Structure formats: structure tokens, C-alpha cells
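Listing of query19.cif, mmCIF, C-alpha atoms
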```
data_entry
loop_
_atom_site.label_atom_id
_atom_site.label_comp_id
_atom_site.auth_asym_id
_atom_site.auth_seq_id
_atom_site.Cartn_x
_atom_site.Cartn_y
_atom_site.Cartn_z
CA MET A 42 86.03 91.78 96.50
CA PHE A 43 87.50 91.50 93.01
CA THR A 44 85.04 91.24 90.21
CA ARG A 45 87.66 90.45 87.60
CA PHE A 46 90.05 87.51 87.68
CA GLU A 47 92.76 89.58 85.98
CA GLU A 48 92.71 92.13 88.78
CA TYR A 49 92.69 89.51 91.51
CA ALA A 50 95.61 87.66 89.92
CA ALA A 51 97.80 90.72 89.45
CA THR A 52 97.01 92.13 92.88
CA GLN A 53 98.02 88.88 94.62
CA MET A 54 101.51 89.22 93.11
CA LEU A 55 102.13 92.88 93.85
CA GLY A 56 104.73 93.50 96.52
CA GLN A 57 105.52 89.77 96.65
CA PRO A 58 108.63 87.94 95.37
CA ASP A 59 106.77 86.98 92.19
CA SER A 60 105.77 90.54 91.31
CA PRO A 61 105.92 91.04 87.51
CA PRO A 62 108.13 93.65 85.80
CA ARG A 63 106.28 96.87 85.08
CA SER A 64 106.89 100.36 83.85
CA GLU A 65 104.78 103.50 84.13
CA GLY A 66 101.93 101.54 85.68
CA LYS A 67 101.80 98.98 82.88
CA LEU A 68 103.09 95.44 82.59
CA PHE A 69 106.50 95.49 80.98
CA PHE A 70 107.48 92.89 78.37
CA SER A 71 110.77 93.26 76.54
CA GLU A 72 109.90 90.45 74.09
CA GLU A 73 106.68 89.12 72.63
CA TRP A 74 107.19 85.62 74.15
CA GLN A 75 107.10 87.19 77.62
CA ARG A 76 103.69 88.68 76.93
CA THR A 77 102.48 85.34 75.56
CA VAL A 78 103.59 83.28 78.54
CA PHE A 79 102.19 85.80 81.02
CA GLY A 80 98.83 85.71 79.27
CA MET A 81 98.83 81.92 78.94
CA ALA A 82 99.17 81.32 82.68
CA LEU A 83 96.43 83.84 83.42
CA ALA A 84 94.09 82.48 80.77
CA LEU A 85 94.56 78.85 81.86
CA SER A 86 93.99 79.63 85.52
CA LYS A 87 91.00 81.79 84.65
CA GLN A 88 89.53 78.80 82.81
CA GLY A 89 90.02 76.71 85.96
CA HIS A 90 92.87 74.42 84.92
CA PHE A 91 94.76 75.29 88.10
CA GLU A 92 94.48 77.63 91.06
CA TRP A 93 96.33 80.92 90.67
CA GLU A 94 97.81 80.50 94.13
CA ASP A 95 99.26 77.11 93.18
CA PHE A 96 100.90 78.64 90.11
CA ARG A 97 102.31 81.44 92.24
CA GLN A 98 103.88 78.93 94.61
CA HIS A 99 105.64 77.27 91.67
CA LEU A 100 106.85 80.67 90.50
CA ILE A 101 108.09 81.72 93.93
CA HIS A 102 109.88 78.38 94.24
CA SER A 103 111.44 78.77 90.81
CA ILE A 104 112.65 82.31 91.62
CA ALA A 105 114.10 81.15 94.94
CA ALA A 106 115.91 78.27 93.20
CA TRP A 107 117.42 80.72 90.70
CA GLU A 108 118.57 83.01 93.49
CA HIS A 109 120.18 80.09 95.26
CA GLU A 110 122.05 78.91 92.18
CA ALA A 111 123.05 82.22 90.66
CA CYS A 112 125.53 83.33 93.28
CA ASP A 113 128.36 83.35 90.76
CA GLY A 114 126.38 85.94 88.78
CA GLU A 115 126.75 84.12 85.46
CA THR A 116 123.08 83.79 84.62
CA ARG A 117 121.30 87.05 84.11
CA TRP A 118 118.00 87.41 85.89
CA ASN A 119 114.98 86.98 83.66
CA TYR A 120 111.64 86.94 85.40
CA TYR A 121 109.83 85.39 82.46
CA GLU A 122 112.25 82.46 82.21
CA GLN A 123 111.30 81.56 85.78
CA TYR A 124 107.68 82.20 84.90
CA THR A 125 107.85 79.78 81.94
CA MET A 126 109.43 77.09 84.13
CA ALA A 127 106.71 77.52 86.73
CA LEU A 128 103.98 77.25 84.10
CA VAL A 129 105.47 74.06 82.63
CA ALA A 130 105.79 72.62 86.15
CA ILE A 131 102.16 73.24 87.08
CA LEU A 132 100.91 71.97 83.72
CA GLU A 133 102.84 68.74 84.27
CA GLN A 134 101.53 68.54 87.82
CA CYS A 135 97.90 68.82 86.74
CA GLY A 136 98.45 66.35 83.89
CA ILE A 137 97.88 68.73 80.96
CA LEU A 138 101.48 68.22 79.82
CA LYS A 139 103.18 64.84 79.88
CA PRO A 140 106.88 64.84 80.79
CA GLY A 141 108.98 65.21 77.64
CA GLU A 142 106.06 66.34 75.53
CA LEU A 143 107.16 69.96 75.35
CA GLU A 144 110.73 69.03 74.37
CA GLN A 145 109.30 66.88 71.60
CA GLN A 146 107.20 69.77 70.33
CA ILE A 147 110.22 72.10 70.40
CA THR A 148 112.29 69.60 68.44
CA SER A 149 109.69 69.09 65.73
CA GLN A 150 109.00 72.85 65.58
CA GLU A 151 112.68 73.66 65.09
CA ALA A 152 113.03 70.90 62.49
CA ASN A 153 110.17 72.38 60.47
CA LYS A 154 111.61 75.88 60.46
CA MET B 1380 132.46 89.56 74.79
CA ALA B 1381 131.10 88.27 71.50
CA ALA B 1382 130.59 84.87 73.10
CA LEU B 1383 128.56 86.47 75.89
CA PHE B 1384 126.31 88.24 73.41
CA ASP B 1385 125.81 85.00 71.51
CA TYR B 1386 124.90 83.30 74.73
CA GLU B 1387 122.30 85.95 75.63
CA GLU B 1388 120.81 85.86 72.14
CA ASN B 1389 120.60 82.08 72.23
CA ARG B 1390 118.97 82.18 75.60
CA GLU B 1391 116.37 84.64 74.38
CA ALA B 1392 115.73 82.54 71.24
CA ALA B 1393 115.45 79.36 73.31
CA SER B 1394 112.86 80.95 75.61
CA ALA B 1395 110.89 82.25 72.65
CA ALA B 1396 110.94 78.79 71.02
CA LYS B 1397 109.86 77.12 74.25
CA VAL B 1398 106.90 79.46 74.73
CA ARG B 1399 105.91 79.16 71.07
CA ALA B 1400 105.95 75.35 71.38
CA LEU B 1401 103.98 75.44 74.61
CA GLU B 1402 101.32 77.67 73.09
CA ALA B 1403 101.05 75.47 69.98
CA LEU B 1404 100.79 72.34 72.11
CA LEU B 1405 98.08 73.78 74.35
CA ILE B 1406 96.06 75.01 71.38
CA LYS B 1407 96.41 71.59 69.74
CA LYS B 1408 95.15 69.94 72.94
CA GLY B 1409 92.17 72.29 72.96
CA VAL B 1410 93.19 73.66 76.37
CA LEU B 1411 93.91 77.15 75.10
CA GLY B 1412 91.92 79.15 72.56
CA SER B 1413 93.88 80.90 69.83
CA ASP B 1414 92.80 84.31 71.17
CA SER B 1415 92.85 83.50 74.93
CA VAL B 1416 96.14 85.30 75.54
CA ASP B 1417 95.06 88.48 73.80
CA ALA B 1418 91.70 88.41 75.54
CA VAL B 1419 93.22 88.25 79.00
CA LEU B 1420 95.88 90.88 78.26
CA ARG B 1421 93.37 93.24 76.77
CA HIS B 1422 92.22 93.87 80.30
CA PHE B 1423 95.62 95.27 81.28
CA GLU B 1424 96.25 97.02 78.00
CA THR B 1425 92.95 98.75 77.37
CA VAL B 1426 90.52 98.32 80.30
CA ALA B 1427 92.29 98.90 83.61
CA GLY B 1428 95.38 101.06 83.75
CA PRO B 1429 96.91 104.50 84.14
CA PHE B 1430 95.35 105.72 80.88
CA ASN B 1431 92.03 105.90 82.77
CA GLY B 1432 93.46 108.15 85.47
CA ALA B 1433 95.12 110.35 82.86
CA ARG B 1434 91.81 110.86 81.09
CA ILE B 1435 90.06 111.74 84.35
CA VAL B 1436 92.75 114.30 85.21
CA ALA B 1437 92.69 115.86 81.73
CA ARG B 1438 88.90 116.21 81.89
CA ALA B 1439 89.19 117.88 85.30
CA TRP B 1440 91.74 120.33 83.88
CA VAL B 1441 89.60 121.42 80.95
CA ASP B 1442 86.25 121.37 82.78
CA PRO B 1443 86.22 123.05 86.22
CA ALA B 1444 82.62 121.91 86.85
CA TYR B 1445 83.72 118.32 86.26
CA LYS B 1446 86.64 118.82 88.63
CA GLY B 1447 84.19 120.01 91.27
CA ARG B 1448 82.04 116.90 90.82
CA LEU B 1449 85.14 114.70 90.88
CA LEU B 1450 86.26 116.08 94.22
CA ASP B 1451 82.74 115.98 95.58
CA ASP B 1452 81.77 112.44 94.56
CA THR B 1453 84.66 110.68 92.84
CA PRO B 1454 82.99 107.38 91.86
CA LYS B 1455 79.99 109.19 90.39
CA ALA B 1456 82.18 111.57 88.38
CA ILE B 1457 84.32 108.69 87.10
CA ALA B 1458 81.15 106.83 86.11
CA GLU B 1459 80.26 109.80 83.89
CA LEU B 1460 83.23 108.92 81.68
CA GLN B 1461 81.91 105.40 81.20
CA PHE B 1462 85.14 103.42 81.35
CA PRO B 1463 84.46 99.74 80.73
CA GLY B 1464 86.85 98.69 83.53
CA MET B 1465 85.53 100.88 86.30
CA THR B 1466 82.67 98.74 87.46
CA GLY B 1467 84.77 96.71 89.93
CA ALA B 1468 84.87 97.15 93.68
CA GLU B 1469 88.25 98.92 93.53
CA GLY B 1470 86.76 101.76 91.57
CA GLU B 1471 83.94 102.36 93.96
CA HIS B 1472 86.02 103.45 96.92
CA MET B 1473 88.06 106.05 95.17
CA LYS B 1474 88.56 109.60 96.26
CA ALA B 1475 90.37 112.33 94.35
CA VAL B 1476 92.33 115.17 95.96
CA ALA B 1477 93.60 118.16 94.01
CA ASN B 1478 96.99 119.80 94.14
CA SER B 1479 96.90 123.58 94.10
CA GLU B 1480 99.13 126.59 94.66
CA SER B 1481 98.84 126.08 98.39
CA VAL B 1482 98.59 122.28 98.80
CA HIS B 1483 100.56 119.28 97.56
CA ASN B 1484 99.05 115.83 98.10
CA LEU B 1485 100.97 112.58 98.52
CA ILE B 1486 99.37 109.14 98.45
CA ILE B 1487 100.82 106.32 100.48
CA CYS B 1488 99.57 102.98 101.71
CA THR B 1489 100.91 101.97 105.11
CA LEU B 1490 99.03 98.72 105.32
CA CYS B 1491 98.57 96.64 102.28
CA SER B 1492 97.69 96.25 98.66
CA CYS B 1493 95.21 99.08 98.53
CA TYR B 1494 95.93 100.73 95.27
CA PRO B 1495 93.40 102.08 92.78
CA TRP B 1496 95.06 100.37 89.86
CA PRO B 1497 92.15 100.50 87.40
CA VAL B 1498 93.00 104.23 87.42
CA LEU B 1499 96.70 104.40 88.27
CA GLY B 1500 97.93 101.14 86.79
CA LEU B 1501 100.17 98.65 88.59
CA PRO B 1502 102.05 100.27 91.45
CA PRO B 1503 105.81 100.81 91.17
CA TYR B 1504 108.12 98.55 93.23
CA TRP B 1505 108.98 101.13 95.83
CA TYR B 1506 105.34 101.82 96.64
CA LYS B 1507 105.17 98.77 98.90
CA ASP B 1508 108.60 99.29 100.36
CA PRO B 1509 108.15 99.65 104.14
CA VAL B 1510 110.83 102.36 104.17
CA PHE B 1511 108.92 104.48 101.64
CA ARG B 1512 105.68 103.95 103.52
CA SER B 1513 107.01 104.93 106.92
CA ARG B 1514 109.16 107.81 105.65
CA GLY B 1515 106.24 109.10 103.57
CA VAL B 1516 104.36 109.66 106.81
CA ARG B 1517 107.29 110.84 108.93
CA GLU B 1518 109.18 113.11 106.54
CA PRO B 1519 107.15 113.59 103.35
CA ARG B 1520 109.08 116.71 102.27
CA ALA B 1521 112.39 114.83 102.37
CA VAL B 1522 110.88 111.93 100.42
CA LEU B 1523 109.40 114.29 97.84
CA ARG B 1524 112.74 116.08 97.47
CA GLU B 1525 114.38 112.74 96.70
CA PHE B 1526 111.76 112.18 94.00
CA GLY B 1527 112.75 115.52 92.50
CA VAL B 1528 109.70 117.36 93.80
CA PRO B 1529 110.91 119.96 96.30
CA ILE B 1530 107.92 121.58 98.00
CA PRO B 1531 108.30 125.23 99.09
CA ALA B 1532 108.04 125.70 102.86
CA GLU B 1533 104.89 127.82 102.54
CA LYS B 1534 103.07 125.05 100.69
CA GLU B 1535 101.17 122.53 102.78
CA VAL B 1536 101.87 118.81 102.23
CA LYS B 1537 98.93 116.51 102.86
CA ILE B 1538 99.38 112.76 103.20
CA TRP B 1539 96.60 110.37 102.29
CA ASP B 1540 96.84 106.79 103.44
CA SER B 1541 94.96 104.44 101.14
CA SER B 1542 93.04 101.65 102.76
CA ALA B 1543 90.44 99.11 101.76
CA GLN B 1544 87.83 101.79 102.53
CA ILE B 1545 89.27 104.64 100.48
CA ARG B 1546 91.78 104.58 97.65
CA TRP B 1547 93.13 108.03 96.96
CA PHE B 1548 94.54 109.60 93.86
CA VAL B 1549 95.88 113.05 93.10
CA ILE B 1550 94.72 115.52 90.47
CA PRO B 1551 98.05 117.21 89.74
CA GLU B 1552 98.26 120.89 88.85
CA ARG B 1553 97.83 121.62 85.17
CA PRO B 1554 101.23 122.67 83.84
CA ALA B 1555 101.83 126.23 82.72
CA ASN B 1556 101.83 126.93 78.98
CA SER B 1557 99.46 124.06 78.22
CA GLU B 1558 96.57 126.21 76.95
CA HIS B 1559 97.21 125.15 73.35
CA LEU B 1560 96.75 121.43 74.13
CA ASN B 1561 93.51 119.54 73.73
CA GLU B 1562 92.17 117.04 76.26
CA ALA B 1563 93.86 114.00 74.70
CA GLN B 1564 97.20 115.81 74.48
CA LEU B 1565 96.87 116.83 78.11
CA ALA B 1566 96.09 113.24 79.14
CA ALA B 1567 99.31 112.12 77.47
CA LEU B 1568 101.28 114.28 79.92
CA VAL B 1569 99.84 112.67 83.05
CA THR B 1570 101.94 109.89 84.60
CA PRO B 1571 100.98 107.43 87.36
CA GLU B 1572 103.63 109.05 89.55
CA ALA B 1573 101.96 112.45 89.13
CA MET B 1574 98.66 110.92 90.26
CA MET B 1575 100.42 109.56 93.36
CA GLY B 1576 101.90 112.95 94.15
CA VAL B 1577 105.56 111.92 93.71
CA ALA B 1578 105.98 113.77 90.41
CA LEU B 1579 104.78 116.95 88.77
CA VAL B 1580 103.32 117.09 85.30
CA PRO B 1581 106.04 118.47 83.03
CA VAL B 1582 105.57 121.73 81.20
CA PRO B 1583 104.96 120.76 77.57
CA SER B 1584 107.37 121.95 74.95
CA THR B 1585 105.91 124.70 72.77
CA THR B 1586 107.42 123.43 69.55
#
```

Same coordinates, now as C-alpha cells:
Amino acid sequence: MFTRFEEYAATQMLGQPDSPPRSEGKLFFSEEWQRTVFGMALALSKQGHFEWEDFRQHLIHSIAAWEHEACDGETRWNYYEQYTMALVAILEQCGILKPGELEQQITSQEANK
Amino acid sequence: MAALFDYEENREAASAAKVRALEALLIKKGVLGSDSVDAVLRHFETVAGPFNGARIVARAWVDPAYKGRLLDDTPKAIAELQFPGMTGAEGEHMKAVANSESVHNLIICTLCSCYPWPVLGLPPYWYKDPVFRSRGVREPRAVLREFGVPIPAEKEVKIWDSSAQIRWFVIPERPANSEHLNEAQLAALVTPEAMMGVALVPVPSTT
């Protein structure tokens, strides 16, 4: 029924626990990295690297884990932190990322600043 | 308090660094193109979204003949405007209803994810709330009052329940004192909420 992957992907999330932040009918990103990570997951799934539903399950799991841990209220809720974790998890699961590879990249990136 | 702010800033910076590293790594691996992210987001930012609905409404306000065609055959009238994003199935089942001096329309969706978002944009959180959906049917005037839209007793309130067959949207009333505005300026006044019937279009300032 959906002719566009983007519309299918967003519609699957609406009204569900993994629904993205939005404002005035548009996606809401408070920082540029949030926009980037949102677009990366969509683009990679659109290209067929993983099923959108599988990514969503990682995201829902990640959100549920945060809710379970955050009962002391110390960590502020950030949807896109959970989203990033879910994306890393599915990329490791489908073998695109090797464990530790991202940390290595972060270290060398910060060293070259 | 200063420590808390530092912590939040660090957290934000750490997330930004992580995403930057991930993007660089995926581009290096050839998994992600350097413009893939922008290409996919362009759909939400310029193709499908509430800006389409706002343009349709503004055209209907300035062109009564267009408004007539829009109410008569919504998909055909939308096609006249040649939006790039309106070729999908969601666009084809749309139906516009117009607010007037005697009628106020409210769109709800009691069942599911039926929302004409190529026109209205992504629905607000409360739209899928079962309480909103059931109260919208049972006591629409009370719900509208809570949204800051009290409807006079003599005005009829019509409820339209979107479904997979028909996705409704509202042409709000053109605000008073808007004669001096052109079509683009009028479109800028139209919010998604106004096209759902839970808000009115504000009267523009004359300055």
C-alpha cells in the first residue's frame, strides 16, 4: 500500500513505543547528530542491509531497557541516544560493524581533532 | 548545578561524536553514500509534510472555484497542484471538508494509522490516544474546548473518522483581516492542527 519506503517506515512507528519526536507535523531534531542518525538507519534499511521491523525491535528493546534502568530519574530521556544504540546493535548483528570497531573509530577521530 | 550542566553537555557531545564516527565508518566501508542521509530526509523535509496541506488550503482560500473542485474531487484537485509527493496511495483516498460559519469539522481516527500525512505531516502524539479518539466521538465540543476552540451552540460540529478508505482533512475558515496577504503568506498561517479541526487559523497581525 505504501509506494515510498520513507512513508512505510515512519508510519510503522507512529503510535508505537518507538515513535519519533515531532513538532507541527514535522520530525523534530534538537541537534544535527539526531537528524544524521535517523537518516542513516532509514537509508541503510532502504538499501536492504536490514529489515526495518528488525531495527524497530532493537529500538523498542533499547527504550524498554532505559525505562527499566532509569527509575532513579538520573538519566534524562533522549530518544536519539536509544536510537543510536539500536542502530549500532543491528549493524553488529548483521555483521556490518565488528565489535569494538566503532569505539576505535571514535578514539582515532577524537585524537585527530 | 554546574556539574549537571557539564554532564548534559558531555553527553550531547559524546552522542554527536559517536554518530559522526559511525557515519564516517559506514562511508569508508562503502555501505553508506555521502548523500544518503540527506536524500532520505529530503522526503520528510520537502516532499511529504504539512506544507502541502497548507498550500492546498491557501489556494482554496484565494480561489473559490478551486475550493469547489477540492470539495468535489479532492485527489483530482490536489493533483492540479502537482506536488511531487502526492502520487502515493495515501494521497488517493483523501477527502477535504470545509469549515464555515455554520459548520466546524473535526477529524479523528478510531481505528488505526489512517492519517493523510503527505498533506498533514506526522500526527501529534495525542492523535492515537484512545481517550482522544473515543472522546472525540462522544463529546467533541468538550474536546474542542480543551484545545482552545470553543464552538458556539448554534454551530454544527461534524466528526469525520478516517479509515483506510477515506482520509479526511479540514479546510479551515480563512481568518478575518487577511485580505492583504498573498497565497504564500496565507499558507504560512495554516497549521496541521487547523487541518485536523482542533485549532483555528489565527488572525494575522496587521503590522

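For the residues A:Ile131, A:Ala50, A:Leu83, A:Ile104, ranking by smallest atom-to-atom distance to chain B using all atoms listed in the file places A:Leu83 first.
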
Notebook entry, point to check: Counting only C-alpha atoms, which residues of chain B come no farther than 8 Å from chain A, as a count of residues only?
Noted result: 37

Checklist line | Distance of CA of Val1522 (chain B) from CA of Pro1583 (chain B), expressed in Å to one decimal place | finding: 25.2 Å

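When all atoms listed in the file are used to measure the gap to His102 (chain A), the shortest distance among A:Pro58, A:Gly89, A:Gly136, A:Gly141 belongs to A:Pro58.
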
Next item on the list: Kindly give the distance, in Å, that separates CA of Ala1393 (chain B) and CA of Phe70 (chain A), rounded to a single decimal.
Entry: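 Interatomic distance, CA of Ala1393 (chain B) to CA of Phe70 (chain A): 16.5 Å.
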
Checklist line | Residues returned when the PyMOL selection byres ((chain B and resi 1548) around 8) runs on this file, as a list in words | finding: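 Checked against the file, the PyMOL selection byres ((chain B and resi 1548) around 8) matches Met1473, Lys1474, Ala1475, Val1476, Ile1486, Pro1495, Leu1499, Arg1546, Trp1547, Val1549, Ile1550, Met1574 and Met1575 of chain B.
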
Item checked: Nearest-residue call for Ser1541 (chain B), choices B:Ala1521, B:Cys1488, B:Ala1567, B:Val1510, using only C-alpha atoms ->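 Checking each candidate against Ser1541 (chain B), we get B:Cys1488 as the closest.
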
Next item on the list: Can you work out which one of A:Pro140, A:Trp118, A:Phe69, A:Ala127 has the shortest atom-to-atom distance to Phe96 (chain A), counting all atoms listed in the file?
Entry: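 When distances to Phe96 (chain A) are compared using all atoms listed in the file, the smallest one comes from A:Ala127.
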
Next item on the list: Could you state which residues are captured by the PyMOL selection byres ((chain B and resi 1540) around 10) in this file, as a PyMOL selection string?
Entry: chain B and resi 1485-1490+1493+1512+1515-1516+1537-1539+1541-1542+1545-1547

Notebook entry, point to check: Any idea what the distance is between CA of Tyr124 (chain A) and CA of Trp1505 (chain B)?
Noted result: 21.9 Å

Notebook entry, point to check: Which one is closest to Phe91 (chain A): A:Gln123, A:Gln134, A:Ser71, A:Asn153? Count all atoms listed in the file.
Noted result: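 Comparing A:Gln123, A:Gln134, A:Ser71, A:Asn153 against Phe91 (chain A), the winner is A:Gln134.
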
Notebook entry, point to check: If you apply the PyMOL selection byres ((chain B and resi 1561) around 12) to this file, what residues do you get, as a list in words?
Noted result: Arg1434, Ala1437, Arg1438, Trp1440, Val1441, Asp1442, Ser1557, Glu1558, His1559, Leu1560, Glu1562, Ala1563, Gln1564, Leu1565, Ala1566, Ala1567 and Leu1568 of chain B

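With distances restricted to all atoms listed in the file, B:Val1536 is the closest residue to His1483 (chain B) from B:Val1426, B:Ala1403, B:Ala1573, B:Val1536.
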
Rebuild N, CA and C atoms on region 1399-1420 of chain B, as a CSV table (one decimal), in the coordinates of the input?
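Output contents, as saved in out_13.csv:
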```
chain,number,residue,atom,x,y,z
B,1399,ARG,N,106.6,79.4,72.3
B,1399,ARG,CA,105.9,79.2,71.1
B,1399,ARG,C,105.4,77.7,71.0
B,1400,ALA,N,106.3,76.8,71.4
B,1400,ALA,CA,106.0,75.4,71.4
B,1400,ALA,C,104.9,75.1,72.4
B,1401,LEU,N,105.0,75.7,73.6
B,1401,LEU,CA,104.0,75.4,74.6
B,1401,LEU,C,102.6,75.9,74.2
B,1402,GLU,N,102.6,77.1,73.6
B,1402,GLU,CA,101.3,77.7,73.1
B,1402,GLU,C,100.7,76.8,72.0
B,1403,ALA,N,101.5,76.3,71.1
B,1403,ALA,CA,101.0,75.5,70.0
B,1403,ALA,C,100.5,74.2,70.5
B,1404,LEU,N,101.2,73.6,71.5
B,1404,LEU,CA,100.8,72.3,72.1
B,1404,LEU,C,99.4,72.5,72.8
B,1405,LEU,N,99.3,73.6,73.6
B,1405,LEU,CA,98.1,73.8,74.4
B,1405,LEU,C,96.9,74.1,73.4
B,1406,ILE,N,97.1,74.8,72.3
B,1406,ILE,CA,96.1,75.0,71.4
B,1406,ILE,C,95.7,73.7,70.7
B,1407,LYS,N,96.7,72.9,70.4
B,1407,LYS,CA,96.4,71.6,69.7
B,1407,LYS,C,95.6,70.7,70.7
B,1408,LYS,N,95.9,70.8,72.0
B,1408,LYS,CA,95.2,69.9,72.9
B,1408,LYS,C,93.8,70.5,73.2
B,1409,GLY,N,93.5,71.7,72.7
B,1409,GLY,CA,92.2,72.3,73.0
B,1409,GLY,C,92.0,72.9,74.3
B,1410,VAL,N,93.2,73.1,75.0
B,1410,VAL,CA,93.2,73.7,76.4
B,1410,VAL,C,93.1,75.2,76.3
B,1411,LEU,N,93.8,75.7,75.3
B,1411,LEU,CA,93.9,77.2,75.1
B,1411,LEU,C,93.3,77.6,73.8
B,1412,GLY,N,92.5,78.6,73.8
B,1412,GLY,CA,91.9,79.2,72.6
B,1412,GLY,C,93.0,80.0,71.8
B,1413,SER,N,92.8,80.2,70.5
B,1413,SER,CA,93.9,80.9,69.8
B,1413,SER,C,93.9,82.4,70.2
B,1414,ASP,N,92.8,82.9,70.8
B,1414,ASP,CA,92.8,84.3,71.2
B,1414,ASP,C,92.8,84.5,72.7
B,1415,SER,N,92.9,83.4,73.5
B,1415,SER,CA,92.8,83.5,74.9
B,1415,SER,C,93.9,84.5,75.5
B,1416,VAL,N,95.1,84.4,75.0
B,1416,VAL,CA,96.1,85.3,75.5
B,1416,VAL,C,95.8,86.8,75.3
B,1417,ASP,N,95.4,87.1,74.1
B,1417,ASP,CA,95.1,88.5,73.8
B,1417,ASP,C,93.9,88.9,74.6
B,1418,ALA,N,92.9,88.0,74.8
B,1418,ALA,CA,91.7,88.4,75.5
B,1418,ALA,C,92.0,88.8,77.0
B,1419,VAL,N,92.9,88.0,77.6
B,1419,VAL,CA,93.2,88.2,79.0
B,1419,VAL,C,94.1,89.5,79.1
B,1420,LEU,N,95.0,89.7,78.2
B,1420,LEU,CA,95.9,90.9,78.3
B,1420,LEU,C,95.2,92.2,77.9
```
